[in-house]
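**Student:** Have a peek at work26.txt (compact mmCIF, C-alpha atoms).
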# COMPACT_ATOMS: atom_id res chain seq x y z
CA MET Z 1 -10.14 -15.27 26.81
CA GLY Z 2 -6.74 -15.45 25.11
CA ARG Z 3 -8.00 -18.17 22.81
CA PHE Z 4 -10.88 -15.95 21.65
CA VAL Z 5 -8.50 -13.08 20.86
CA LEU Z 6 -6.23 -15.32 18.80
CA CYS Z 7 -9.25 -16.68 16.97
CA CYS Z 8 -10.48 -13.20 16.12
CA LEU Z 9 -7.04 -12.00 15.01
CA GLY Z 10 -6.69 -15.00 12.74
CA TYR Z 11 -10.13 -14.38 11.28
CA GLU Z 12 -9.39 -10.71 10.60
CA LYS Z 13 -6.07 -11.50 8.98
CA ALA Z 14 -7.55 -14.31 6.89
CA ASN Z 15 -10.23 -12.01 5.44
CA ARG Z 16 -7.86 -9.19 4.46
CA LYS Z 17 -6.24 -9.48 1.05
CA VAL Z 18 -2.51 -9.05 1.36
CA ALA Z 19 -0.25 -8.75 -1.66
CA GLN Z 20 1.75 -11.88 -2.42
CA PRO Z 21 5.08 -11.81 -4.25
CA ALA Z 22 3.88 -14.03 -7.09
CA ASP Z 23 0.95 -11.68 -7.71
CA LEU Z 24 3.01 -8.51 -8.11
CA GLN Z 25 5.87 -7.77 -10.43
CA ARG Z 26 8.76 -6.46 -8.41
CA HIS Z 27 10.38 -3.21 -9.50
CA SER Z 28 7.94 -2.41 -12.29
CA MET Z 29 5.43 0.41 -12.00
CA GLN Z 30 2.07 -0.61 -10.58
CA LYS Z 31 -1.08 1.48 -10.32
CA GLY Z 32 -3.40 1.90 -7.39
CA THR Z 33 -5.39 4.27 -5.21
CA ILE Z 34 -4.62 5.86 -1.85
CA LYS Z 35 -6.87 3.84 0.44
CA ARG Z 36 -6.00 5.24 3.86
CA LEU Z 37 -3.67 7.89 5.27
CA VAL Z 38 -2.42 8.07 8.85
CA ALA Z 39 -1.38 11.72 8.82
CA ASP Z 40 -0.01 11.97 12.35
CA ARG Z 41 2.25 8.95 11.73
CA GLY Z 42 3.31 9.79 8.15
CA PHE Z 43 2.30 6.62 6.38
CA GLY Z 44 -0.59 5.17 4.46
CA PHE Z 45 -1.90 2.28 2.43
CA ILE Z 46 -2.42 1.87 -1.29
CA GLN Z 47 -5.06 -0.40 -2.77
CA THR Z 48 -3.67 -2.01 -5.92
CA GLU Z 49 -5.69 -2.65 -9.06
CA ARG Z 50 -5.94 -6.25 -7.83
CA GLU Z 51 -7.62 -5.10 -4.58
CA GLU Z 52 -4.53 -5.74 -2.42
CA GLU Z 53 -3.16 -3.39 0.25
CA LEU Z 54 0.41 -2.13 0.37
CA PHE Z 55 2.04 0.02 3.06
CA PHE Z 56 4.00 3.16 2.13
CA GLY Z 57 5.85 5.74 4.20
CA ARG Z 58 6.18 9.45 3.51
CA ASN Z 59 9.86 9.01 2.68
CA GLN Z 60 8.85 6.96 -0.39
CA LEU Z 61 6.96 9.82 -2.07
CA GLN Z 62 8.38 11.33 -5.24
CA GLY Z 63 7.29 14.72 -6.50
CA VAL Z 64 4.41 15.11 -4.05
CA ASP Z 65 4.16 16.30 -0.45
CA TYR Z 66 2.55 13.90 2.02
CA GLY Z 67 0.29 16.68 3.30
CA SER Z 68 -1.24 17.16 -0.15
CA LEU Z 69 -2.27 13.50 -0.58
CA ARG Z 70 -5.95 12.60 -0.35
CA GLU Z 71 -7.67 9.26 -0.05
CA GLY Z 72 -8.93 8.14 -3.44
CA GLN Z 73 -6.07 9.69 -5.43
CA LYS Z 74 -4.56 7.52 -8.17
CA VAL Z 75 -0.87 6.71 -7.76
CA GLU Z 76 1.92 4.77 -9.43
CA PHE Z 77 4.53 2.90 -7.44
CA GLU Z 78 6.99 0.02 -7.35
CA VAL Z 79 6.81 -2.92 -4.98
CA THR Z 80 9.65 -4.23 -2.84
CA ARG Z 81 10.11 -6.59 0.08
CA ASP Z 82 11.53 -5.40 3.41
CA PRO Z 83 14.03 -7.47 5.46
CA ASN Z 84 11.12 -9.07 7.35
CA GLY Z 85 9.51 -10.29 4.13
CA HIS Z 86 6.66 -7.75 3.98
CA LEU Z 87 5.81 -6.07 0.68
CA HIS Z 88 5.82 -2.26 0.53
CA ALA Z 89 5.15 0.41 -2.08
CA ILE Z 90 8.22 2.48 -2.96
CA ARG Z 91 8.84 5.40 -5.34
CA VAL Z 92 5.20 6.45 -4.94
CA ARG Z 93 4.05 9.29 -7.21
CA LEU Z 94 0.76 10.67 -8.47
CA ALA Z 95 -0.48 8.84 -11.55
CA GLN Z 96 -0.47 10.71 -14.82
CA PRO Z 97 -3.96 11.36 -16.22
CA GLU Z 98 -4.96 8.94 -18.98
CA GLY Z 99 -3.71 10.00 -22.41
CA GLU Z 100 -0.64 11.93 -21.20
Let me see the structure of the file written as structure tokens.

**Tutor:**
Amino acid sequence: MGRFVLCCLGYEKANRKVAQPADLQRHSMQKGTIKRLVADRGFGFIQTEREEELFFGRNQLQGVDYGSLREGQKVEFEVTRDPNGHLHAIRVRLAQPEGE
């Protein structure tokens, strides 16, 4: 039974695109879309323009209240690495409309 669970976890992880450091420029503004919000926990995930997922917490929002965010909204953000080596979105703000 345990072997099956490990197999399935490995399969799920292998099929999910995760941002890699070489793929993202650190500390430069990136663009993406709010993919999923976990309102009761105060965090969410951003899908980058390269189809990768990044975690963000409500404390990383700038100029926008977490409660006003909606899935599908365009955002700008920077990428950093936490002490455990995971990439996160920081300084997350709503993207400016094109042409402004």

**Student:** Here is a test: counting all atoms listed in the file, which residue of Z:Ile34, Z:Thr48, Z:Glu53, Z:Phe77 is nearest to Ala89 (chain Z)?

**Tutor:**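 Closest candidate: Z:Phe77.
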
**Student:** So the first atom is CA of Phe43 (chain Z) and the second is CA of Gly63 (chain Z); what is the distance between them in Å, to one decimal place?

**Tutor:** 16.0 Å

**Student:** Quick one: distance from CA of Lys35 (chain Z) to CA of Ser68 (chain Z) in Å, one decimal?

**Tutor:**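 Atom-to-atom, CA of Lys35 (chain Z) to CA of Ser68 (chain Z), that is 14.5 Å.
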
**Student:** Around the point (-5.7, 7.7, -11.6) (coordinates from the file), which residues reach within 8 Å if we count all atoms listed in the file? Answer as a list in words.

**Tutor:** Lys31, Gly32, Thr33, Gln73, Lys74, Val75, Leu94, Ala95, Gln96, Pro97 and Glu98 of chain Z

**Student:** Give me, please, the distance in Å between CA of Ile90 (chain Z) and CA of Phe56 (chain Z), quoted to one decimal.

**Tutor:**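 Taking CA of Ile90 (chain Z) and CA of Phe56 (chain Z), their separation equals 6.6 Å.
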
**Student:** Please write as JSON, numbers by chain the list of polymer residues whose atoms come within 7 Å of (6.5, 3.8, -5.0), counting only C-alpha atoms and keeping to the coordinates of the file.

**Tutor:** {"Z": [60, 61, 76, 77, 78, 79, 89, 90, 91, 92, 93]}
